[in-house]
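One file, query22.cif, carrying mmCIF, C-alpha atoms:
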```
data_final
#
loop_
_atom_site.label_atom_id
_atom_site.label_comp_id
_atom_site.auth_asym_id
_atom_site.auth_seq_id
_atom_site.Cartn_x
_atom_site.Cartn_y
_atom_site.Cartn_z
CA MET A 306 -52.17 -166.06 153.17
CA LEU A 307 -53.38 -169.63 152.66
CA PRO A 308 -56.18 -169.79 150.03
CA ILE A 309 -59.32 -171.84 150.59
CA ALA A 310 -62.46 -172.60 148.61
CA ASP A 311 -65.38 -170.18 148.88
CA SER A 312 -67.67 -173.08 149.74
CA PHE A 313 -67.62 -176.85 149.91
CA GLU A 314 -69.53 -179.87 151.17
CA HIS A 315 -68.05 -182.94 152.82
CA ALA A 316 -69.60 -186.02 154.44
CA HIS A 317 -68.04 -187.14 157.72
CA ARG A 318 -69.41 -190.06 159.74
CA GLY A 319 -72.90 -189.42 158.47
CA CYS A 320 -72.72 -185.67 159.05
CA GLU A 321 -72.95 -183.35 156.05
CA ILE A 322 -70.56 -180.42 156.45
CA LEU A 323 -71.87 -177.38 154.59
CA TYR A 324 -69.21 -174.66 154.57
CA GLY A 325 -69.42 -171.17 153.13
CA ARG A 326 -70.58 -167.63 153.75
CA GLY A 327 -74.34 -167.45 153.63
CA ARG A 328 -74.85 -171.22 153.93
CA ILE A 329 -77.33 -170.62 156.73
CA THR A 330 -79.81 -169.40 154.09
CA ASP A 331 -79.94 -172.96 152.71
CA LEU A 332 -80.95 -174.58 156.00
CA GLY A 333 -84.74 -174.58 155.57
CA GLY A 334 -84.51 -176.06 152.08
CA TRP A 335 -81.96 -178.64 153.25
CA LEU A 336 -84.31 -179.77 156.03
CA GLY A 337 -87.27 -179.86 153.66
CA ASP A 338 -85.39 -182.15 151.29
CA ARG A 339 -85.14 -184.58 154.21
CA ASP A 340 -88.80 -184.28 155.26
CA LEU A 341 -87.94 -182.38 158.44
CA ASP A 342 -90.60 -179.74 159.00
CA ASP A 343 -90.28 -178.09 162.42
CA ALA A 344 -86.93 -177.02 163.91
CA LEU A 345 -86.41 -175.97 167.52
CA VAL A 346 -83.33 -173.77 167.91
CA VAL A 347 -81.19 -174.64 170.96
CA CYS A 348 -78.81 -172.05 172.43
CA GLY A 349 -77.79 -170.11 175.53
CA SER A 350 -79.47 -166.90 176.66
CA ASN A 351 -76.73 -164.59 175.32
CA THR A 352 -76.83 -166.28 171.93
CA GLY A 353 -80.61 -166.15 171.88
CA ALA A 354 -80.47 -162.39 172.49
CA ASN A 355 -77.95 -161.80 169.70
CA ASP A 356 -80.21 -160.64 166.85
CA ALA A 357 -77.28 -160.33 164.44
CA LEU A 358 -76.92 -164.11 164.75
CA MET A 359 -80.49 -165.22 165.33
CA ASP A 360 -82.13 -163.18 162.57
CA PRO A 361 -80.31 -165.01 159.73
CA ILE A 362 -80.98 -168.34 161.42
CA ARG A 363 -84.72 -167.61 161.63
CA ALA A 364 -84.70 -166.39 158.05
CA GLY A 365 -82.78 -169.46 156.90
CA LEU A 366 -85.32 -171.76 158.55
CA GLY A 367 -88.28 -169.82 157.22
CA ASP A 368 -91.59 -171.56 157.94
CA ARG A 369 -89.69 -174.46 159.51
CA PHE A 370 -88.75 -172.28 162.51
CA ALA A 371 -90.63 -173.74 165.50
CA GLY A 372 -89.18 -171.63 168.32
CA VAL A 373 -86.13 -171.14 170.53
CA PHE A 374 -84.97 -172.96 173.65
CA ASP A 375 -82.32 -170.58 175.05
CA GLU A 376 -81.57 -172.15 178.43
CA THR A 377 -78.30 -174.01 177.90
CA THR A 378 -75.44 -173.16 180.26
CA PRO A 379 -71.73 -174.08 180.41
CA ASP A 380 -72.26 -176.66 183.17
CA LYS A 381 -74.50 -178.72 180.83
CA ARG A 382 -76.88 -180.02 183.48
CA VAL A 383 -79.02 -183.08 182.82
CA GLU A 384 -82.05 -181.05 183.97
CA THR A 385 -81.45 -178.67 181.06
CA ALA A 386 -81.53 -181.56 178.60
CA SER A 387 -84.77 -182.77 180.18
CA ASP A 388 -86.28 -179.29 179.92
CA LEU A 389 -85.21 -179.17 176.28
CA LEU A 390 -87.08 -182.38 175.56
CA ASP A 391 -90.21 -180.91 177.18
CA ALA A 392 -89.86 -177.80 175.02
CA ARG A 393 -89.36 -179.94 171.94
CA ALA A 394 -92.57 -181.85 172.66
CA GLU A 395 -94.51 -178.62 173.27
CA ALA A 396 -93.25 -177.14 169.98
CA GLY A 397 -93.86 -180.36 168.06
CA ALA A 398 -90.36 -180.11 166.61
CA ASP A 399 -88.92 -183.02 164.64
CA VAL A 400 -85.35 -181.67 164.51
CA LEU A 401 -83.09 -179.66 166.84
CA VAL A 402 -80.82 -176.90 165.52
CA ALA A 403 -78.08 -176.31 168.09
CA VAL A 404 -76.40 -172.90 167.79
CA GLY A 405 -73.32 -171.51 169.52
CA GLY A 406 -70.47 -173.17 171.40
CA GLY A 407 -69.84 -176.54 172.96
CA ALA A 408 -72.46 -176.30 175.72
CA SER A 409 -75.45 -175.88 173.41
CA LEU A 410 -74.20 -178.37 170.85
CA ASP A 411 -73.47 -180.99 173.50
CA VAL A 412 -76.74 -180.55 175.41
CA ALA A 413 -78.79 -180.89 172.21
CA ARG A 414 -77.05 -184.08 171.10
CA GLN A 415 -77.06 -185.72 174.51
CA ALA A 416 -80.73 -184.79 174.97
CA THR A 417 -81.56 -186.96 171.96
CA LEU A 418 -79.97 -189.91 173.76
CA LEU A 419 -81.61 -189.00 177.06
CA ALA A 420 -84.94 -189.29 175.22
CA ALA A 421 -83.98 -192.77 174.07
CA ASP A 422 -82.58 -193.90 177.42
CA GLY A 423 -85.79 -194.68 179.30
CA ARG A 424 -84.58 -193.38 182.68
CA ASP A 425 -86.04 -190.21 184.18
CA LEU A 426 -84.10 -187.69 186.27
CA GLY A 427 -84.84 -189.57 189.49
CA ASP A 428 -83.51 -192.80 188.01
CA LEU A 429 -80.32 -191.10 186.84
CA ARG A 430 -79.69 -189.50 190.22
CA ALA A 431 -80.28 -192.77 192.03
CA ASP A 432 -77.81 -194.50 189.74
CA ALA A 433 -75.30 -191.66 190.21
CA GLU A 434 -75.54 -192.01 193.98
CA SER A 435 -74.50 -195.64 193.55
CA GLY A 436 -71.41 -194.53 191.61
CA ALA A 437 -70.40 -193.70 188.07
CA ASP A 438 -70.19 -197.38 187.12
CA ALA A 439 -73.84 -197.88 188.08
CA LEU A 440 -74.79 -194.78 186.10
CA GLY A 441 -73.33 -196.23 182.93
CA GLU A 442 -74.06 -194.68 179.54
CA LEU A 443 -77.10 -193.02 178.07
CA ALA A 444 -79.08 -195.28 175.77
CA PRO A 445 -76.26 -197.75 175.03
CA GLY A 446 -76.68 -199.22 171.56
CA SER A 447 -79.64 -196.98 170.76
CA GLU A 448 -80.10 -194.44 167.99
CA PRO A 449 -80.79 -190.78 168.91
CA ALA A 450 -84.49 -190.08 169.38
CA LEU A 451 -84.42 -187.21 166.87
CA PRO A 452 -81.89 -185.57 164.52
CA VAL A 453 -79.68 -182.59 165.39
CA VAL A 454 -78.16 -179.97 163.10
CA VAL A 455 -75.24 -178.00 164.58
CA VAL A 456 -74.44 -174.37 163.76
CA PRO A 457 -71.15 -173.53 165.49
CA THR A 458 -70.26 -169.90 166.21
CA THR A 459 -67.04 -170.40 168.22
CA PHE A 460 -63.73 -172.15 167.60
CA ALA A 461 -64.11 -174.70 170.42
CA GLY A 462 -64.34 -177.49 167.87
CA ALA A 463 -67.37 -179.15 169.41
CA ASP A 464 -69.45 -179.56 166.27
CA LEU A 465 -68.02 -182.73 164.70
CA SER A 466 -68.46 -185.10 167.60
CA ALA A 467 -71.04 -187.28 169.30
CA GLY A 468 -71.44 -184.65 172.01
CA GLY A 469 -69.99 -184.28 175.50
CA SER A 470 -71.53 -185.18 178.84
CA LEU A 471 -74.41 -184.08 181.04
CA GLU A 472 -73.84 -183.22 184.68
CA VAL A 473 -76.02 -185.29 187.02
CA PHE A 474 -74.39 -184.05 190.23
CA ALA A 475 -72.26 -180.92 190.49
CA ALA A 476 -68.99 -181.12 192.41
CA ALA A 477 -70.63 -179.63 195.53
CA GLU A 478 -73.27 -182.40 195.46
CA SER A 479 -70.84 -185.22 194.73
CA PRO A 480 -69.09 -187.39 197.33
CA THR A 481 -66.00 -187.37 195.10
CA GLU A 482 -65.87 -183.53 194.93
CA GLN A 483 -65.88 -183.94 191.14
CA PRO A 484 -69.01 -183.71 189.04
CA ILE A 485 -70.72 -186.99 188.20
CA THR A 486 -71.64 -186.98 184.54
CA VAL A 487 -73.41 -189.21 182.06
CA SER A 488 -73.13 -189.38 178.29
CA GLY A 489 -73.80 -191.64 175.37
CA SER A 490 -72.09 -192.31 172.08
CA GLY A 491 -73.59 -192.10 168.64
CA ALA A 492 -75.35 -188.74 168.85
CA TRP A 493 -73.67 -187.41 165.73
CA PRO A 494 -75.23 -184.37 164.05
CA ILE A 495 -76.80 -184.90 160.66
CA ALA A 496 -75.41 -181.59 159.39
CA ASP A 497 -72.82 -178.98 160.38
CA ILE A 498 -73.55 -175.53 158.97
CA ALA A 499 -70.13 -173.81 159.03
CA ASP A 500 -70.96 -170.25 158.00
CA PRO A 501 -68.11 -167.81 158.73
CA ALA A 502 -70.49 -164.84 158.70
CA LEU A 503 -72.15 -166.23 161.83
CA PHE A 504 -68.81 -166.44 163.66
CA GLU A 505 -68.44 -162.71 163.06
CA THR A 506 -71.51 -162.06 165.22
CA THR A 507 -69.79 -163.65 168.25
CA PRO A 508 -68.10 -161.28 170.73
CA GLY A 509 -64.32 -161.22 170.40
CA SER A 510 -63.81 -162.29 174.01
CA VAL A 511 -65.87 -165.43 173.40
CA LEU A 512 -63.97 -166.26 170.22
CA ALA A 513 -60.64 -165.80 172.02
CA GLY A 514 -61.75 -168.02 174.90
CA SER A 515 -62.73 -170.79 172.52
CA ALA A 516 -59.75 -170.49 170.19
CA MET A 517 -57.16 -172.46 172.14
CA ASN A 518 -59.65 -175.27 172.82
CA GLY A 519 -60.06 -175.84 169.09
CA PHE A 520 -56.42 -175.09 168.26
CA ASN A 521 -55.19 -177.70 170.73
CA LYS A 522 -57.22 -180.43 169.05
CA GLY A 523 -54.81 -179.95 166.16
CA VAL A 524 -51.81 -179.88 168.48
CA GLU A 525 -52.77 -183.09 170.28
CA THR A 526 -53.70 -185.28 167.34
CA PRO A 527 -50.21 -185.88 165.80
CA TYR A 528 -48.67 -187.00 169.11
CA ALA A 529 -51.57 -189.25 170.15
CA ARG A 530 -50.55 -192.89 170.27
CA ASP A 531 -53.32 -193.85 167.84
CA ALA A 532 -52.53 -191.12 165.31
CA SER A 533 -52.41 -192.07 161.63
CA PRO A 534 -51.24 -190.41 158.40
CA VAL A 535 -54.88 -189.44 157.78
CA SER A 536 -55.36 -187.78 161.16
CA ASP A 537 -51.94 -186.11 160.86
CA ALA A 538 -52.80 -184.65 157.46
CA ALA A 539 -56.03 -183.04 158.66
CA ALA A 540 -54.48 -181.79 161.92
CA VAL A 541 -51.33 -180.36 160.34
CA HIS A 542 -53.19 -178.44 157.65
CA GLY A 543 -55.74 -177.29 160.22
CA LEU A 544 -52.90 -175.94 162.36
CA ARG A 545 -51.48 -174.08 159.36
CA LEU A 546 -54.78 -172.30 158.89
CA LEU A 547 -55.48 -171.66 162.57
CA SER A 548 -52.01 -170.44 163.53
CA ASP A 549 -52.15 -168.01 160.61
CA ALA A 550 -55.73 -166.85 161.12
CA LEU A 551 -56.59 -166.88 164.82
CA PRO A 552 -54.51 -163.83 165.78
CA HIS A 553 -56.40 -161.88 163.11
CA VAL A 554 -59.85 -163.17 164.05
CA ALA A 555 -59.81 -163.63 167.82
CA GLY A 556 -56.64 -161.82 168.82
CA ASP A 557 -54.74 -158.59 168.73
CA ARG A 558 -54.51 -158.14 164.95
CA PRO A 559 -58.07 -157.76 163.62
CA ASP A 560 -58.17 -158.32 159.89
CA SER A 561 -60.49 -159.28 157.07
CA GLU A 562 -63.29 -161.72 156.36
CA ALA A 563 -60.71 -163.93 154.65
CA ALA A 564 -59.03 -164.60 158.01
CA THR A 565 -62.34 -165.74 159.51
CA ASP A 566 -62.91 -168.02 156.53
CA ARG A 567 -59.51 -169.65 157.06
CA ALA A 568 -60.06 -170.02 160.79
CA VAL A 569 -63.42 -171.75 160.31
CA VAL A 570 -61.95 -174.23 157.83
CA GLY A 571 -59.01 -174.84 160.18
CA ALA A 572 -61.41 -175.53 163.04
CA LEU A 573 -63.22 -178.07 160.87
CA LEU A 574 -60.02 -179.82 159.81
CA VAL A 575 -58.61 -180.35 163.29
CA GLN A 576 -61.84 -182.11 164.25
CA LEU A 577 -62.06 -184.57 161.37
CA ASP A 578 -60.03 -187.30 163.05
CA ARG A 579 -59.15 -185.64 166.33
CA LYS A 580 -57.38 -187.48 169.13
CA ILE A 581 -57.80 -185.53 172.36
CA SER A 582 -55.06 -186.36 174.81
CA VAL A 583 -52.81 -184.79 177.43
CA ILE A 584 -53.78 -181.11 177.11
CA HIS A 585 -57.47 -181.95 177.29
CA ALA A 586 -56.86 -184.02 180.42
CA PHE A 587 -55.34 -180.93 182.04
CA GLY A 588 -58.37 -178.93 180.94
CA HIS A 589 -60.74 -181.47 182.46
CA GLY A 590 -58.84 -181.36 185.76
CA PHE A 591 -59.68 -177.68 186.17
CA ALA A 592 -63.05 -177.47 184.41
CA ARG A 593 -64.43 -180.32 186.55
CA ARG A 594 -63.39 -178.51 189.74
CA TYR A 595 -63.92 -174.84 189.00
CA ASP A 596 -66.32 -172.67 187.03
CA VAL A 597 -63.68 -171.94 184.41
CA GLN A 598 -63.69 -172.12 180.63
CA GLN A 599 -61.74 -175.14 179.44
CA GLY A 600 -60.21 -173.13 176.60
CA ALA A 601 -58.64 -170.77 179.14
CA VAL A 602 -56.98 -173.73 180.88
CA HIS A 603 -55.72 -175.00 177.54
CA ALA A 604 -54.26 -171.58 176.79
CA VAL A 605 -52.19 -171.62 179.96
CA VAL A 606 -51.18 -175.24 180.00
CA ALA A 607 -50.46 -176.07 176.34
CA PRO A 608 -46.87 -174.72 176.13
CA HIS A 609 -45.94 -176.27 179.48
CA ALA A 610 -47.51 -179.63 178.63
CA LEU A 611 -45.70 -179.72 175.28
CA ALA A 612 -42.38 -178.87 176.89
CA TYR A 613 -42.89 -181.76 179.31
CA LEU A 614 -43.82 -184.16 176.50
CA PHE A 615 -40.79 -183.14 174.42
CA ASP A 616 -38.51 -183.77 177.42
CA GLU A 617 -39.87 -187.30 177.71
CA VAL A 618 -40.66 -188.49 174.16
CA ASP A 619 -40.55 -187.33 170.54
CA ALA A 620 -44.27 -186.39 170.55
CA SER A 621 -44.34 -185.89 166.76
CA ARG A 622 -42.49 -182.60 167.08
CA ARG A 623 -41.63 -182.40 163.38
CA ALA A 624 -45.24 -182.93 162.29
CA LEU A 625 -46.26 -180.15 164.66
CA ALA A 626 -43.47 -177.99 163.29
CA ALA A 627 -44.89 -178.43 159.79
CA GLY A 628 -48.29 -177.20 160.97
CA LEU A 629 -46.87 -174.26 162.91
CA GLY A 630 -44.42 -173.02 160.30
CA VAL A 631 -41.34 -173.98 162.30
CA PRO A 632 -38.29 -174.74 160.11
CA THR A 633 -36.80 -178.22 160.48
CA ASP A 634 -34.18 -178.64 157.73
CA GLY A 635 -30.73 -179.26 159.20
CA ARG A 636 -31.93 -178.65 162.76
CA ASP A 637 -31.71 -181.03 165.68
CA ASP A 638 -34.78 -182.34 167.47
CA ASP A 639 -34.30 -180.25 170.61
CA ALA A 640 -34.19 -176.98 168.64
CA VAL A 641 -37.33 -177.96 166.72
CA ALA A 642 -39.13 -178.83 169.95
CA GLU A 643 -38.18 -175.54 171.57
CA ASP A 644 -39.49 -173.56 168.60
CA VAL A 645 -42.73 -175.57 168.51
CA VAL A 646 -43.39 -174.63 172.14
CA GLU A 647 -42.64 -170.99 171.34
CA ALA A 648 -44.95 -171.06 168.30
CA VAL A 649 -47.85 -172.40 170.38
CA ALA A 650 -47.17 -169.77 173.05
CA ALA A 651 -47.10 -167.06 170.36
CA VAL A 652 -50.59 -168.01 169.14
CA ARG A 653 -51.78 -168.01 172.76
CA ASP A 654 -50.15 -164.64 173.50
CA ALA A 655 -51.89 -163.05 170.49
CA LEU A 656 -55.25 -163.86 172.09
CA ASP A 657 -56.93 -162.21 175.05
CA VAL A 658 -56.54 -165.27 177.28
CA PRO A 659 -54.65 -165.92 180.52
CA SER A 660 -51.08 -167.18 180.50
CA ARG A 661 -50.82 -168.31 184.16
CA LEU A 662 -52.99 -170.68 186.16
CA ARG A 663 -53.10 -168.26 189.05
CA ASP A 664 -55.01 -165.84 186.80
CA LEU A 665 -57.90 -168.27 186.27
CA PRO A 666 -60.95 -167.43 188.41
CA ALA A 667 -61.38 -169.23 191.73
CA THR A 668 -58.26 -171.40 191.35
CA ASP A 669 -56.35 -172.35 194.47
CA GLU A 670 -52.72 -173.45 194.45
CA SER A 671 -53.41 -175.89 197.28
CA ASP A 672 -55.69 -177.83 194.89
CA LEU A 673 -52.89 -178.59 192.43
CA PRO A 674 -51.93 -182.01 193.92
CA ALA A 675 -55.56 -183.20 193.73
CA ILE A 676 -55.88 -181.86 190.19
CA ALA A 677 -52.68 -183.68 189.22
CA GLU A 678 -54.13 -186.95 190.54
CA PHE A 679 -57.30 -186.38 188.49
CA VAL A 680 -55.34 -185.56 185.32
CA ALA A 681 -53.19 -188.68 185.67
CA GLU A 682 -56.31 -190.86 185.69
CA ASP A 683 -58.42 -188.92 183.18
CA PRO A 684 -59.38 -191.09 180.16
CA PRO A 685 -57.69 -188.87 177.52
CA MET A 686 -54.34 -189.71 179.10
CA ALA A 687 -54.72 -193.18 177.57
CA ARG A 688 -53.93 -191.48 174.26
CA ALA A 689 -50.67 -189.97 175.53
CA PRO A 690 -47.67 -190.59 173.26
CA ALA A 691 -46.28 -194.11 173.27
CA GLY A 692 -43.48 -194.42 175.79
CA LEU A 693 -44.85 -191.77 178.15
CA ASP A 694 -45.69 -192.84 181.71
CA ALA A 695 -47.04 -189.62 183.18
CA THR A 696 -47.16 -189.83 186.96
CA ALA A 697 -49.19 -187.52 189.15
CA GLU A 698 -45.92 -186.15 190.52
CA GLU A 699 -44.70 -185.23 187.03
CA ILE A 700 -48.06 -183.66 186.17
CA LEU A 701 -47.89 -181.65 189.37
CA GLY A 702 -44.53 -180.31 188.18
CA VAL A 703 -46.17 -179.10 184.94
CA LEU A 704 -48.95 -177.44 186.95
CA ARG A 705 -46.50 -175.68 189.24
CA ALA A 706 -44.56 -174.40 186.23
CA ALA A 707 -47.83 -173.09 184.77
CA TRP A 708 -48.95 -171.57 188.06
#
```
Mind turning this structure into structure tokens?
Amino acid sequence: MLPIADSFEHAHRGCEILYGRGRITDLGGWLGDRDLDDALVVCGSNTGANDALMDPIRAGLGDRFAGVFDETTPDKRVETASDLLDARAEAGADVLVAVGGGASLDVARQATLLAADGRDLGDLRADAESGADALGELAPGSEPALPVVVVPTTFAGADLSAGGSLEVFAAAESPTEQPITVSGSGAWPIADIADPALFETTPGSVLAGSAMNGFNKGVETPYARDASPVSDAAAVHGLRLLSDALPHVAGDRPDSEAATDRAVVGALLVQLDRKISVIHAFGHGFARRYDVQQGAVHAVVAPHALAYLFDEVDASRRALAAGLGVPTDGRDDDAVAEDVVEAVAAVRDALDVPSRLRDLPATDESDLPAIAEFVAEDPPMARAPAGLDATAEEILGVLRAAW
């Protein structure tokens, strides 16, 4: 068992990470020290109905609790962000506290840029109809309109980022048959409350579904073409913790609080200088087309994508081996690569997640060529390992192997 500190604080890109069991009880005082008086909690309906989670959050905020907006959904619609801003104005809140997984955290952060953008929903839709280039970014060069605190409760690894995108047109409304989205940069949270006790209120199926999404941030970072010794160090140690802990926390070997503590720290580490790349591009190819959790796609695809990478390039296989506990001394590169793929598959197989693309809801094998074309052009592919020229035909081969 890998030991970790009971609690710690760390500043990252202006975000204060506050880790430890019971840290949620400090939230009201922390906000008060920064002259923030009224906090609107942002979450989905299931999270909002989970009293085991929401009660300590309300108690931690104390008299700074200004209400709950529990309308976020996985598709992260721009209308939801607009409704959130209306609710914020009605509550008179001066800070958002986003609770849960990636959808709630992303909607809250992007809403702060939507407020600073100046365009209303009609303007955004008109721009989207003219094409993604006309839509541009939200509030380019602007600061967020109000601060956001994130309280993650899944392992998706969405807390230490500027936030994802908002859907302006769903795939069914879009001439490209892919959603048209808008996002802005710079919407970093001011604090990340990483309290393992809150993760333990999340249903096991939700934790399992999020686990491979976060885990694969650690897998992808060492082989990204812009990786550095700093990003490698955080990713490799994060993988050590996650590969050890996730099967006990979100998988088939339930264990102790200590395993949850290690998993939460691992999820933090793999985000610190993450470099999302090939596996995330595969995830986007499916999540943009179907109503499917991106973590489930990652679970299926990760071993196949790694096997493809290792056939083509080195892909930092020995750094990954170090994080996954794969022995390397006196072994050739091909043997190390094979065991790395097996180690990733073993973590996946310990979780209650699919292992074949055909088992994902609503997927259609006839869509695979179009998905391969999307993956080949998806922006994260620009971070693919140096020397890799992934064609749509090669990507289609990976998809067929995963089918």
Query raised in the report: For Pro480 in chain A, which residue among A:Gly334, A:Gly436, A:Gly635, A:Gly543 is the nearest when counting only C-alpha atoms?
Result: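 Of A:Gly334, A:Gly436, A:Gly635, A:Gly543, the one nearest Pro480 in chain A, counting only C-alpha atoms, is A:Gly436.
Residue selection for this entry, given the PyMOL selection byres ((chain A and resi 559-573) around 6), comprises A:Gly462, A:Pro501, A:Gly543, A:Leu546, A:Leu547, A:Ala550, A:His553, A:Val554, A:Arg558, A:Leu574, A:Val575, A:Gln576.
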Can you find the residues with an atom no farther than 12 Å from (-60.8, -192.5, 182.9), counting all atoms listed in the file, and report them as an mmCIF file with C-alpha atoms, keeping the file's coordinate frame?
```cif
data_model
loop_
_atom_site.group_PDB
_atom_site.id
_atom_site.type_symbol
_atom_site.label_atom_id
_atom_site.label_comp_id
_atom_site.auth_asym_id
_atom_site.auth_seq_id
_atom_site.Cartn_x
_atom_site.Cartn_y
_atom_site.Cartn_z
ATOM 1 C CA ALA A 437 -70.400 -193.700 188.070
ATOM 2 C CA ASP A 438 -70.190 -197.380 187.120
ATOM 3 C CA SER A 582 -55.060 -186.360 174.810
ATOM 4 C CA ALA A 586 -56.860 -184.020 180.420
ATOM 5 C CA HIS A 589 -60.740 -181.470 182.460
ATOM 6 C CA GLY A 590 -58.840 -181.360 185.760
ATOM 7 C CA GLU A 678 -54.130 -186.950 190.540
ATOM 8 C CA PHE A 679 -57.300 -186.380 188.490
ATOM 9 C CA VAL A 680 -55.340 -185.560 185.320
ATOM 10 C CA ALA A 681 -53.190 -188.680 185.670
ATOM 11 C CA GLU A 682 -56.310 -190.860 185.690
ATOM 12 C CA ASP A 683 -58.420 -188.920 183.180
ATOM 13 C CA PRO A 684 -59.380 -191.090 180.160
ATOM 14 C CA PRO A 685 -57.690 -188.870 177.520
ATOM 15 C CA MET A 686 -54.340 -189.710 179.100
ATOM 16 C CA ALA A 687 -54.720 -193.180 177.570
ATOM 17 C CA ARG A 688 -53.930 -191.480 174.260
#
```
Requested in this report: Might you spell out which residues the PyMOL selection byres ((chain A and resi 622) around 8) would select in the displayed file, as a list in words?
Outcome: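 When the PyMOL selection byres ((chain A and resi 622) around 8) is applied to the shown file, the picked residues are Tyr528, Phe615, Asp619, Ala620, Ser621, Arg623, Ala624, Leu625, Ala626, Asp638, Val641, Ala642 and Val645 of chain A.
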**Report entry** Å distance separating CA of Gly325 in chain A from CA of Asn518 in chain A, one decimal place
**Finding:** 22.4 Å
Would you mind putting N, CA, C and O atoms back on range 311-322 of chain A and writing the result as an mmCIF file, in the frame of the given file?
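Just written: rebuild.cif:
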```
data_model
loop_
_atom_site.group_PDB
_atom_site.id
_atom_site.type_symbol
_atom_site.label_atom_id
_atom_site.label_comp_id
_atom_site.auth_asym_id
_atom_site.auth_seq_id
_atom_site.Cartn_x
_atom_site.Cartn_y
_atom_site.Cartn_z
ATOM 1 N N ASP A 311 -64.289 -171.019 148.384
ATOM 2 C CA ASP A 311 -65.380 -170.180 148.880
ATOM 3 C C ASP A 311 -66.446 -170.992 149.591
ATOM 4 O O ASP A 311 -67.070 -170.522 150.547
ATOM 5 N N SER A 312 -66.691 -172.203 149.106
ATOM 6 C CA SER A 312 -67.670 -173.080 149.740
ATOM 7 C C SER A 312 -67.342 -174.515 149.375
ATOM 8 O O SER A 312 -66.679 -174.775 148.369
ATOM 9 N N PHE A 313 -67.777 -175.436 150.219
ATOM 10 C CA PHE A 313 -67.620 -176.850 149.910
ATOM 11 C C PHE A 313 -68.563 -177.663 150.784
ATOM 12 O O PHE A 313 -69.110 -177.165 151.773
ATOM 13 N N GLU A 314 -68.746 -178.908 150.388
ATOM 14 C CA GLU A 314 -69.530 -179.870 151.170
ATOM 15 C C GLU A 314 -68.694 -181.123 151.366
ATOM 16 O O GLU A 314 -67.921 -181.508 150.479
ATOM 17 N N HIS A 315 -68.831 -181.737 152.520
ATOM 18 C CA HIS A 315 -68.050 -182.940 152.820
ATOM 19 C C HIS A 315 -68.847 -183.796 153.793
ATOM 20 O O HIS A 315 -69.406 -183.296 154.774
ATOM 21 N N ALA A 316 -68.914 -185.091 153.538
ATOM 22 C CA ALA A 316 -69.600 -186.020 154.440
ATOM 23 C C ALA A 316 -68.597 -186.635 155.410
ATOM 24 O O ALA A 316 -67.538 -187.103 154.999
ATOM 25 N N HIS A 317 -68.934 -186.608 156.689
ATOM 26 C CA HIS A 317 -68.040 -187.140 157.720
ATOM 27 C C HIS A 317 -68.864 -187.889 158.753
ATOM 28 O O HIS A 317 -69.667 -187.302 159.484
ATOM 29 N N ARG A 318 -68.703 -189.213 158.775
ATOM 30 C CA ARG A 318 -69.410 -190.060 159.740
ATOM 31 C C ARG A 318 -70.916 -189.795 159.741
ATOM 32 O O ARG A 318 -71.556 -189.723 160.806
ATOM 33 N N GLY A 319 -71.470 -189.633 158.577
ATOM 34 C CA GLY A 319 -72.900 -189.420 158.470
ATOM 35 C C GLY A 319 -73.344 -187.981 158.645
ATOM 36 O O GLY A 319 -74.539 -187.688 158.538
ATOM 37 N N CYS A 320 -72.403 -187.082 158.905
ATOM 38 C CA CYS A 320 -72.720 -185.670 159.050
ATOM 39 C C CYS A 320 -72.333 -184.938 157.770
ATOM 40 O O CYS A 320 -71.207 -185.091 157.282
ATOM 41 N N GLU A 321 -73.244 -184.140 157.242
ATOM 42 C CA GLU A 321 -72.950 -183.350 156.050
ATOM 43 C C GLU A 321 -72.419 -181.982 156.472
ATOM 44 O O GLU A 321 -73.140 -181.202 157.097
ATOM 45 N N ILE A 322 -71.155 -181.718 156.169
ATOM 46 C CA ILE A 322 -70.560 -180.420 156.450
ATOM 47 C C ILE A 322 -70.869 -179.491 155.288
ATOM 48 O O ILE A 322 -70.546 -179.788 154.140
#
```
